[in-house]
Each structure stands twice: as structure tokens, then as C-alpha cells.
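Worksheet: the structure to be examined is printed underneath.
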Number of protein chains: 2
Amino acid sequence: MSIKIGILGYGNLGRGVECAIKQNPDMELVAVFTRRDPSNVSILTESATVCNISDVANWKDKIDVMILCGGSATDLPVQTPEMAKMFNVIDSFDTHAKIPEHYANVDAAAKESGKVGIISVGWDPGMFSLNRMYANAILPQGKDYTFWGKGVSQGHSDAIRRIDGVKDAKQYTIPVDEALASVRAGENPELTTRQKHTRECFVVLEEGADAAKVEEAIKTMPNYFADYDTTVHFISEEELKANHSGIPHGGFVIRSGKTGWNEENTHIIEYSLKLDSNPEFTSSVIVAYARAAYKLAAEGAKGCKTVFDIAPAYLSAVSGDELRAHLL
Amino acid sequence: MSIKIGILGYGNLGRGVECAIKQNPDMELVAVFTRRDPSNVSILTESATVCNISDVANWKDKIDVMILCGGSATDLPVQTPEMAKMFNVIDSFDTHAKIPEHYANVDAAAKESGKVGIISVGWDPGMFSLNRMYANAILPQGKDYTFWGKGVSQGHSDAIRRIDGVKDAKQYTIPVDEALASVRAGENPELTTRQKHTRECFVVLEEGADAAKVEEAIKTMPNYFADYDTTVHFISEEELKANHSGIPHGGFVIRSGKTGWNEENTHIIEYSLKLDSNPEFTSSVIVAYARAAYKLAAEGAKGCKTVFDIAPAYLSAVSGDELRAHLL
């Protein structure tokens, strides 16, 4: 008896979830739901069905956990509470400032339906949040640092693409080595935005565009680039495709803290990720938490949860006895 | 109303717990229990009492969580189940092979008394175990690596001290840089014991002892040194005191795993610790889990738990709302 999974939304994240399910023999992808015409969506899993989102209610008793793979801006705030009326749900909602509101909406819907909803799962929010929380609880006297990268920022790449004269672009966020070294040395530096990350842009120009003007437009763009040291490289479309078509990412969560009667000892806790594919890693985290949603629901839990509320053993396919014997 | 803590055993770990409690305003150390004559034990916390272990039953209703700070070889296998008859308990039992047996004993005692017992808390077992487990659940196709150090191994230092002609000694376990680099590069190397760690020894000789003989005895000692590249430095007692009296430690837990339909993408998850004081960091982890023991007991939980069984939020003094708003 495997855990029956549905996917809502078949973009990079949905495909990542599909791949992750294949690696977990206790799970089975039963259906993918899309807003598109299902006959135009081809998936990798032969045994699964592609359905239009309008059919979703028919699957109420055939899916144990629905994984929502839409975007945080407009899809998830509506879809997650809506789906929680029928299914145990899990999403990767990542608009940090709106998490309390999203939590309340999903909690109300899931409590009413008697289902479990897990929100904001992935690596940030997700594994990075967990590591911030554990490290804060362990070292109450200390300071947190989160660095992102080296990795592709979709939002920043999109911002460059909207500039006149730009045909295509990829933007990498890169942590500054000196800042990382200072944090790791326990120096507890106060770091400005500019001191923490640099931004590197690979830009393909439209025929006849003015490179200097585009570079200026990027480097002075408020919020996105103005507060950073930004490097702009103009390259050909072929080069962009050949060398910058991946979606790598990663980063570092570091807490530096003091212990001892007079706080005389320093400790550094560091968690880092180096990811070839941002959406596939996010999907892998989501699928592990989908198992937790299934187990929690089977125990009668209901309402909204986050990674903070879920005991680690729920993520594992392995029994408590085995975990204690081999991983503790 | 603060959480009332008792400490059983006042060595390095007990003192570390005392210091950690000072950093957590929701906790209060009420008593330290010792096998020694209490009048000969002086502690740092003015408001706490030092008692002989024989008085412990009188404190049954005055302590919320008893923290056991004895050794894993002979103290904890007896003390933790015994104390679980009267108190919520927590220990740092670290004999990996005997964890299932210890778990069963503590579980039986705690279930009978209606108390919570948390065993094997610290960094390994403890935070390292958690990170192994999370990473395994997220990346089922992969390989785990744990490196220890650079840090002082008490067991290896003791083994050197037992050699004829040795007055004092400190042994450092050091991860091999090339092995770490290969793991981080996702190369999934098969590493022998010798390829993972080196051992560096600082030895003070007795007057007239034969240095060459001592070095030979160290380097060929089975289990402890024979399987490693070992360096021996002979130094003066003053130099040992001046440069090697700390108890630093740390290490790395790394999982390298693959995702994608054809496992075409590689991901590296790394958790590392760099600790000035091994016992103080272990104590800080224990104290965070003592808060969890208190909260779990207040909810009516009973029986034995490990770090795998406890939702992260239980470790924090901060509310769920605040955690979601600021750390997620």
C-alpha cells in the first residue's frame, strides 16, 4: 500500500516532485492536475493520469496528499486553502512576510475539513528555517547569518529581461567570500547588503541595443541591483544556452554563539546546500514532508503545520527502531 | 514560572549545563546532585542547592526535568531508567551500539511512571544524527559521510596516558582535507579509516622515559591508532597546559545525493560544527531538549523519545506565531 500523491501544477517544481516520487518506493504518483488542456501536457510517469483542475473533486478519495506546485504570488494563497477542503495538502509558499496570513487561511480550511496542511516547505523557507530555529534554540546568545548562492535568482533574471534591448538574461547571486570567512571565524560582523552578496549577470542583447545603456539600467535598478556590486557580461544567445541553462542554487545558514559562565567560548553551527537543481531539491524536501502529512493525517492530526511542528521521524520511510539503531 | 532543572553529576558536562541554564531565562537550576560530600562541591549558581544523590527522592515534586550528566559506560545505563521513575529525564548516552537497549529500559520506566525521557542528546548522537536523518529522508539516493574534528578525543588521550613512561597527553582527531574536498565535490568516494582522519598526539614524558618506545607504542596501538596516520609530538608539561588545555571539537555531516528522472543532478547537504568547548555545546543542546521534555510532559506525553521524535518547535522558548513570523 503506497501513499497516493497528486500534483497540482506541472512546471519545474511539479516535474521535480514527479522525479522525487520515483525515488521513494512507498509513494505513487496517481494524477497531475493542470489548468491547461490535459491532452497537451505530457508527463513522465506512465501509470499516472493528467487531468484538468476542474476534475479535482472527483479525486477526493483517491489521493492521500495533494502537492501544490504553483507560484506564491497568486496561485498558492488561493489554491492551498481551497484544496485543503478536500485533501491533505503541502506547498512551498515562500513569501516570507505573508506566511502568518497564509498559515491562518490554510489552518482554518484544514481544521474544518479534518485534513493536514503543511506550508512553506523547501529549503528557504524549509531546511534553512529549521536550521535557523535549531541553532537559535541551542545557542540563545548568538547571531544568525543566511547567505544565498552561488545560484540563479529567477526574480533578478526576470527583472533584467524586462529592460529595453535585452533579449535574454541569467543572474547569479554570489556570497562574498570575505564575509563568509569573517562569520565562520566567529567575528560576528555587522554586514551591509553590499558586503554579503554580489550579483553577476549574463545578458544577451537584442540586435542593435546599446550595451552601455543596458548595463547602466541594470546596475542602478532599485531593490534588485543598486545596493549590490554587480557585474554584467554580454554574451551570445548560444553561450547563454550552453553555459547558463541550469538552475543551480544553494547557500549557507550560520549561527555563531557564545557559551560559558562568562560567555568565554565560541561555537559555529553551519548548514549549507550546494544544489545542481533548485526545483528538484525543493521537490525532494516537499516529498519527504508529504510522507509526514500522510502519517500525521493517519494519526488523526488536522490543521496547518510548518517544518517547525513536525518531528523529524515523520519524514522517514524507515521505522523508529531502525532509525535509532542506524542513524542515531 | 520557570522550568525547574536538576543536574545529576557535576563534572564538565554538569558545569556546562549550569552555564547553559543561565542563558535561558525560562529555566532555573534548583539543585545539583552528587555522589560526593555536598560540602566539598562548590557550584556557580548561588540560588541552587547541592545535595547528595541519596536525597534525590525528596526532590520529586520540586524538579521538572532532571538532567543526567554521568558517563555512558556505567552511570547512565543505570541512572537514566532509575531517575525516570521519579522525574522527566534527559541524558547524552553516546554508546551508539547500545542505544536500542537503553531506549527500551528508559521507555519502560518512563511509561510506568508517566514521565518523559529523552536519551542520546548532544551533537553526536544528537544534532549530527538529526542531520543524517533529515538528509537521508530528503535525498534517498545518496551517500552519507561523517567526519569528526578537529578536536580532542578524550578516549584516545586516555589511551596514551595509560602507556608506560607517559605523564600526560592530548590527542586531536583531524579530518583529512582531501577526503572532505572529494565528498563536497560529489565524487562519492569510498574512504578507508586512514583516508578520513589523521591523529595528532601531544605527549609529556615521565623523567627518563624512552621517547622512541612510547611513539612506537602509540602508533601501533590496535583500534585506537594502528589504522590511522598518527603524528606524535613530545612537549613539556608547561606547553601542554598552555596550548592544549581546551576541549575543542566539531565535525561535518555531509550527504551527497542525486535527483532527476535519470539521477542527472547532484546535491550536497552539509552540516558542520566548530566548537570551542565540546561539553558546553553538548550541554546547550541538552538544555534546549530539556525544555522539550517539560513541554511534552505538560501535554501528557510519556515514555522514551529521541531527537527524531521531537518536533523542533518544542526546543524553542518562542511561540509558534513568533517562529513562523521571524524564523520561517
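Residue numbers start at 1 in each chain; chains themselves are named A, B, ... in the order of the C-alpha cells; ligands are numbered from 1 in the order shown.
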
Do you have, as a tab-separated table, the list of residues of chain B lying at most 7 Å from chain A, each with its nearest atom pair and that distance in Å to one decimal, counting only C-alpha atoms and ordered by chain then number?
residue	atom	partner	partner_atom	distance
B:Gly16	CA	A:Gly260	CA	6.9
B:Cys19	CA	A:Trp261	CA	5.1
B:Ala20	CA	A:Thr259	CA	6.8
B:Gln23	CA	A:Pro140	CA	6.7
B:Ile99	CA	A:Ala325	CA	6.9
B:Pro100	CA	A:Ala325	CA	6.2
B:Pro125	CA	A:Leu328	CA	5.6
B:Ser129	CA	A:Leu328	CA	4.7
B:Arg132	CA	A:Leu327	CA	6.5
B:Met133	CA	A:Leu327	CA	6.4
B:Tyr134	CA	A:Pro312	CA	6.7
B:Ala137	CA	A:Ser316	CA	5.2
B:Ile138	CA	A:Val285	CA	5.1
B:Leu139	CA	A:Ser284	CA	6.7
B:Pro140	CA	A:Gln23	CA	6.7
B:Thr259	CA	A:Glu280	CA	6.5
B:Gly260	CA	A:Cys19	CA	5.4
B:Trp261	CA	A:Cys19	CA	5.1
B:Asn265	CA	A:Asp276	CA	5.5
B:Thr266	CA	A:Asp276	CA	5.5
B:His267	CA	A:Leu275	CA	4.5
B:Ile268	CA	A:Lys274	CA	5.0
B:Ile269	CA	A:Leu273	CA	4.8
B:Glu270	CA	A:Ser272	CA	5.2
B:Tyr271	CA	A:Tyr271	CA	4.5
B:Ser272	CA	A:Glu270	CA	5.2
B:Leu273	CA	A:Ile269	CA	4.8
B:Lys274	CA	A:Ile268	CA	5.0
B:Leu275	CA	A:His267	CA	4.5
B:Asp276	CA	A:Asn265	CA	5.5
B:Ser277	CA	A:Asn265	CA	6.5
B:Glu280	CA	A:Thr259	CA	6.5
B:Ser284	CA	A:Ile138	CA	5.4
B:Val285	CA	A:Ile138	CA	5.1
B:Ala288	CA	A:Ile138	CA	5.7
B:Phe308	CA	A:Ala313	CA	5.0
B:Asp309	CA	A:Ala311	CA	5.2
B:Ile310	CA	A:Ala311	CA	4.7
B:Ala311	CA	A:Ala311	CA	3.7
B:Pro312	CA	A:Phe308	CA	5.1
B:Ala313	CA	A:Phe308	CA	5.0
B:Leu315	CA	A:Ala137	CA	6.0
B:Ser316	CA	A:Ala137	CA	5.2
B:Arg324	CA	A:Pro100	CA	6.5
B:Ala325	CA	A:Pro100	CA	6.2
B:Leu327	CA	A:Ser129	CA	5.7
B:Leu328	CA	A:Ser129	CA	4.7

Expected file: the selected residues, N, CA and C atoms, as a CSV table (one decimal), in the first residue's frame:
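And here's selection.csv as it stands now:
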chain,number,residue,atom,x,y,z
B,16,GLY,N,28.7,22.6,32.3
B,16,GLY,CA,28.2,23.1,31.1
B,16,GLY,C,26.7,23.3,31.1
B,19,CYS,N,25.9,26.4,33.1
B,19,CYS,CA,26.2,27.7,32.3
B,19,CYS,C,25.0,27.9,31.3
B,20,ALA,N,24.6,26.8,30.6
B,20,ALA,CA,23.6,26.9,29.6
B,20,ALA,C,22.2,27.4,30.2
B,23,GLN,N,21.8,31.0,30.5
B,23,GLN,CA,21.5,31.7,29.2
B,23,GLN,C,20.0,31.6,28.8
B,99,ILE,N,22.3,1.9,22.1
B,99,ILE,CA,21.1,2.8,22.2
B,99,ILE,C,19.8,2.0,22.2
B,100,PRO,N,19.6,1.0,21.3
B,100,PRO,CA,18.2,0.3,21.4
B,100,PRO,C,17.9,-0.2,22.8
B,125,PRO,N,25.8,11.3,19.5
B,125,PRO,CA,24.4,11.4,18.9
B,125,PRO,C,23.8,12.7,19.3
B,129,SER,N,23.0,13.3,14.3
B,129,SER,CA,22.0,12.2,13.9
B,129,SER,C,20.8,12.8,13.2
B,132,ARG,N,21.8,13.6,9.7
B,132,ARG,CA,21.9,12.4,8.9
B,132,ARG,C,20.5,12.0,8.5
B,133,MET,N,19.6,12.1,9.5
B,133,MET,CA,18.2,11.6,9.2
B,133,MET,C,17.5,12.5,8.2
B,134,TYR,N,17.5,13.8,8.4
B,134,TYR,CA,16.8,14.7,7.5
B,134,TYR,C,17.4,14.5,6.1
B,137,ALA,N,16.2,11.4,4.4
B,137,ALA,CA,14.8,11.4,4.0
B,137,ALA,C,14.6,12.3,2.8
B,138,ILE,N,15.4,13.3,2.6
B,138,ILE,CA,15.3,14.3,1.5
B,138,ILE,C,15.9,13.7,0.2
B,139,LEU,N,17.1,13.1,0.4
B,139,LEU,CA,17.8,12.6,-0.8
B,139,LEU,C,18.0,11.0,-0.6
B,140,PRO,N,17.0,10.3,-0.9
B,140,PRO,CA,17.1,8.8,-0.7
B,140,PRO,C,18.2,8.2,-1.5
B,259,THR,N,19.2,13.6,-7.9
B,259,THR,CA,17.8,13.7,-8.2
B,259,THR,C,17.7,13.8,-9.7
B,260,GLY,N,16.4,13.8,-10.2
B,260,GLY,CA,16.2,13.9,-11.6
B,260,GLY,C,15.7,12.5,-12.1
B,261,TRP,N,15.0,12.6,-13.2
B,261,TRP,CA,14.4,11.3,-13.7
B,261,TRP,C,15.5,10.3,-14.0
B,265,ASN,N,21.2,15.1,-11.6
B,265,ASN,CA,21.6,16.2,-10.8
B,265,ASN,C,22.2,15.8,-9.4
B,266,THR,N,23.2,16.5,-9.0
B,266,THR,CA,23.9,16.2,-7.7
B,266,THR,C,23.6,17.3,-6.7
B,267,HIS,N,23.4,17.0,-5.5
B,267,HIS,CA,23.2,17.9,-4.4
B,267,HIS,C,24.0,17.6,-3.2
B,268,ILE,N,24.6,18.6,-2.6
B,268,ILE,CA,25.4,18.3,-1.4
B,268,ILE,C,24.7,19.1,-0.2
B,269,ILE,N,24.4,18.3,0.9
B,269,ILE,CA,23.9,18.9,2.1
B,269,ILE,C,25.0,18.7,3.1
B,270,GLU,N,25.4,19.8,3.8
B,270,GLU,CA,26.5,19.7,4.7
B,270,GLU,C,26.1,20.5,6.0
B,271,TYR,N,26.4,19.8,7.1
B,271,TYR,CA,26.1,20.4,8.5
B,271,TYR,C,27.5,20.3,9.2
B,272,SER,N,27.9,21.4,9.7
B,272,SER,CA,29.2,21.4,10.4
B,272,SER,C,29.2,22.1,11.7
B,273,LEU,N,30.0,21.7,12.6
B,273,LEU,CA,30.2,22.4,13.9
B,273,LEU,C,31.6,22.7,14.2
B,274,LYS,N,31.9,23.8,14.7
B,274,LYS,CA,33.2,24.2,15.2
B,274,LYS,C,33.1,24.7,16.6
B,275,LEU,N,33.5,23.9,17.5
B,275,LEU,CA,33.2,24.1,18.9
B,275,LEU,C,34.4,24.4,19.8
B,276,ASP,N,34.4,25.5,20.5
B,276,ASP,CA,35.5,25.8,21.5
B,276,ASP,C,35.5,24.8,22.6
B,277,SER,N,34.3,24.5,23.0
B,277,SER,CA,34.1,23.6,24.2
B,277,SER,C,33.1,22.5,23.9
B,280,GLU,N,30.4,22.1,26.7
B,280,GLU,CA,29.5,23.2,26.8
B,280,GLU,C,28.5,23.2,25.7
B,284,SER,N,24.4,22.7,25.9
B,284,SER,CA,23.5,23.7,25.3
B,284,SER,C,22.4,22.9,24.5
B,285,VAL,N,22.8,21.9,23.8
B,285,VAL,CA,21.8,21.1,23.1
B,285,VAL,C,20.9,20.4,24.1
B,288,ALA,N,18.2,22.8,25.6
B,288,ALA,CA,17.1,23.0,24.7
B,288,ALA,C,16.1,21.9,24.7
B,308,PHE,N,14.8,12.3,17.1
B,308,PHE,CA,14.0,12.0,15.9
B,308,PHE,C,12.5,12.2,16.2
B,309,ASP,N,12.1,12.1,17.5
B,309,ASP,CA,10.7,12.0,17.8
B,309,ASP,C,10.1,13.4,18.2
B,310,ILE,N,10.9,14.4,18.2
B,310,ILE,CA,10.5,15.7,18.9
B,310,ILE,C,10.5,16.8,17.8
B,311,ALA,N,9.3,17.4,17.6
B,311,ALA,CA,9.1,18.5,16.7
B,311,ALA,C,10.0,19.7,17.1
B,312,PRO,N,10.7,20.3,16.2
B,312,PRO,CA,11.7,21.3,16.5
B,312,PRO,C,11.1,22.4,17.4
B,313,ALA,N,9.9,22.8,17.2
B,313,ALA,CA,9.3,24.0,17.9
B,313,ALA,C,9.4,23.7,19.4
B,315,LEU,N,11.8,22.8,21.2
B,315,LEU,CA,13.0,23.2,21.7
B,315,LEU,C,13.1,24.7,22.0
B,316,SER,N,12.2,25.5,21.4
B,316,SER,CA,12.3,26.9,21.5
B,316,SER,C,11.5,27.5,22.6
B,324,ARG,N,7.0,31.4,13.2
B,324,ARG,CA,6.5,31.5,11.8
B,324,ARG,C,6.8,32.9,11.3
B,325,ALA,N,6.6,33.9,12.1
B,325,ALA,CA,6.8,35.3,11.6
B,325,ALA,C,8.3,35.6,11.4
B,327,LEU,N,11.4,33.2,11.9
B,327,LEU,CA,12.4,32.3,11.6
B,327,LEU,C,12.1,31.4,10.4
B,328,LEU,N,10.8,31.4,10.0
B,328,LEU,CA,10.4,30.5,8.8
B,328,LEU,C,10.9,31.2,7.5

Point to revise | Picked from stretch 69-187 of chain A by DSSP as helix (DSSP H, G or I), as an NGL selection string | key: :A and (75-83 or 96-113 or 127-138 or 154-161 or 177-184)

Output the selection as a PDB file, in the first residue's frame - C-alpha atoms for each residue.
ATOM      1  CA  ASP A  75      -1.596  30.567  -7.061  1.00  0.00           C
ATOM      2  CA  LEU A  76      -0.901  29.243  -3.576  1.00  0.00           C
ATOM      3  CA  PRO A  77      -2.738  31.866  -1.472  1.00  0.00           C
ATOM      4  CA  VAL A  78      -5.932  30.712  -3.210  1.00  0.00           C
ATOM      5  CA  GLN A  79      -5.180  27.069  -4.068  1.00  0.00           C
ATOM      6  CA  THR A  80      -3.763  25.752  -0.793  1.00  0.00           C
ATOM      7  CA  PRO A  81      -6.780  26.677   1.404  1.00  0.00           C
ATOM      8  CA  GLU A  82      -9.143  25.609  -1.392  1.00  0.00           C
ATOM      9  CA  MET A  83      -7.504  22.188  -1.814  1.00  0.00           C
ATOM     10  CA  HIS A  96       8.141  35.196   3.996  1.00  0.00           C
ATOM     11  CA  ALA A  97       6.165  38.298   5.025  1.00  0.00           C
ATOM     12  CA  LYS A  98       2.810  36.702   4.221  1.00  0.00           C
ATOM     13  CA  ILE A  99       3.397  33.357   5.945  1.00  0.00           C
ATOM     14  CA  PRO A 100       1.293  34.178   9.062  1.00  0.00           C
ATOM     15  CA  GLU A 101      -1.722  35.090   6.906  1.00  0.00           C
ATOM     16  CA  HIS A 102      -1.311  32.023   4.673  1.00  0.00           C
ATOM     17  CA  TYR A 103      -0.924  29.828   7.751  1.00  0.00           C
ATOM     18  CA  ALA A 104      -4.191  31.153   9.215  1.00  0.00           C
ATOM     19  CA  ASN A 105      -6.100  30.558   5.969  1.00  0.00           C
ATOM     20  CA  VAL A 106      -4.813  27.014   5.489  1.00  0.00           C
ATOM     21  CA  ASP A 107      -5.312  26.229   9.184  1.00  0.00           C
ATOM     22  CA  ALA A 108      -8.967  27.287   9.104  1.00  0.00           C
ATOM     23  CA  ALA A 109      -9.712  25.290   5.945  1.00  0.00           C
ATOM     24  CA  ALA A 110      -7.849  22.177   7.111  1.00  0.00           C
ATOM     25  CA  LYS A 111      -9.383  22.205  10.587  1.00  0.00           C
ATOM     26  CA  GLU A 112     -12.840  22.384   9.065  1.00  0.00           C
ATOM     27  CA  SER A 113     -12.230  19.501   6.666  1.00  0.00           C
ATOM     28  CA  MET A 127      15.518  23.419   5.689  1.00  0.00           C
ATOM     29  CA  PHE A 128      17.157  26.823   6.210  1.00  0.00           C
ATOM     30  CA  SER A 129      14.336  27.830   8.571  1.00  0.00           C
ATOM     31  CA  LEU A 130      14.758  24.601  10.522  1.00  0.00           C
ATOM     32  CA  ASN A 131      18.456  25.179  10.879  1.00  0.00           C
ATOM     33  CA  ARG A 132      17.951  28.788  11.980  1.00  0.00           C
ATOM     34  CA  MET A 133      15.466  27.567  14.578  1.00  0.00           C
ATOM     35  CA  TYR A 134      17.525  24.663  15.947  1.00  0.00           C
ATOM     36  CA  ALA A 135      20.642  26.840  16.148  1.00  0.00           C
ATOM     37  CA  ASN A 136      18.753  29.645  17.915  1.00  0.00           C
ATOM     38  CA  ALA A 137      17.340  27.235  20.479  1.00  0.00           C
ATOM     39  CA  ILE A 138      20.760  25.696  21.137  1.00  0.00           C
ATOM     40  CA  GLN A 154      14.679  33.825 -11.158  1.00  0.00           C
ATOM     41  CA  GLY A 155      13.313  37.165  -9.964  1.00  0.00           C
ATOM     42  CA  HIS A 156      16.502  39.048 -10.787  1.00  0.00           C
ATOM     43  CA  SER A 157      16.870  37.314 -14.153  1.00  0.00           C
ATOM     44  CA  ASP A 158      13.290  38.328 -14.984  1.00  0.00           C
ATOM     45  CA  ALA A 159      13.975  41.923 -13.933  1.00  0.00           C
ATOM     46  CA  ILE A 160      16.877  42.142 -16.390  1.00  0.00           C
ATOM     47  CA  ARG A 161      14.781  40.626 -19.184  1.00  0.00           C
ATOM     48  CA  ASP A 177      33.974  35.068   0.493  1.00  0.00           C
ATOM     49  CA  GLU A 178      35.391  37.604   2.972  1.00  0.00           C
ATOM     50  CA  ALA A 179      32.011  37.949   4.690  1.00  0.00           C
ATOM     51  CA  LEU A 180      31.629  34.166   4.967  1.00  0.00           C
ATOM     52  CA  ALA A 181      35.158  33.857   6.355  1.00  0.00           C
ATOM     53  CA  SER A 182      34.542  36.524   8.986  1.00  0.00           C
ATOM     54  CA  VAL A 183      31.298  34.876  10.110  1.00  0.00           C
ATOM     55  CA  ARG A 184      32.950  31.458  10.267  1.00  0.00           C
TER      56      ARG A 184
END

Practice item. Tell me, as a ChimeraX atom specification, which residues lie within 7 Å of B:Glu28, counting only C-alpha atoms; anything in the same chain fewer than 5 positions away does not count. Key: /B:2-5,21

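Coordinates place atom CA of A:Gly251 at a distance of 23.6 Å from atom CA of A:Val203.
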
**Study point:** Distance of atom CA of B:Asp55 from atom CA of B:Phe33, expressed in Å to one decimal place
**Key:**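 Computing it gives 8.2 Å between the two atoms.
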
Exercise for review: Identify, with DSSP run on backbone atoms, the residues in stretch 145-288 of chain A assigned to strand (DSSP E or B), and express the list as JSON, numbers by chain.
Suggested key: {"A": [145, 146, 147, 148, 151, 152, 166, 167, 168, 169, 170, 171, 172, 173, 174, 175, 197, 198, 199, 200, 201, 202, 203, 204, 205, 229, 230, 231, 232, 233, 234, 247, 249, 250, 251, 252, 253, 254, 255, 256, 257, 258, 259, 265, 266, 267, 268, 269, 270, 271, 272, 273, 274, 275, 277]}

Check your understanding: Any idea what's packed within 12 Å of stretch 230-240 of chain B, counting only C-alpha atoms, ignoring anything in its chain fewer than 4 positions away? Could you give it as a PyMOL selection string?
Key -> chain B and resi 156-157+160+165-174+194-195+197-207+209-221+224-226+244-246

Point to revise | Nearest to A:Asp164, chosen from A:Gly149, A:Pro189, A:Gly6, A:Gly208, with only C-alpha atoms counted in the distances | key: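 Of A:Gly149, A:Pro189, A:Gly6, A:Gly208, the one nearest A:Asp164 is A:Gly208, counting only C-alpha atoms.
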
**Study point:** Computed interatomic separation between atom CA of B:Glu299 and atom CA of A:Phe87 (Å)
**Key:**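 Straight-line distance from atom CA of B:Glu299 to atom CA of A:Phe87 works out to 27.8 Å.
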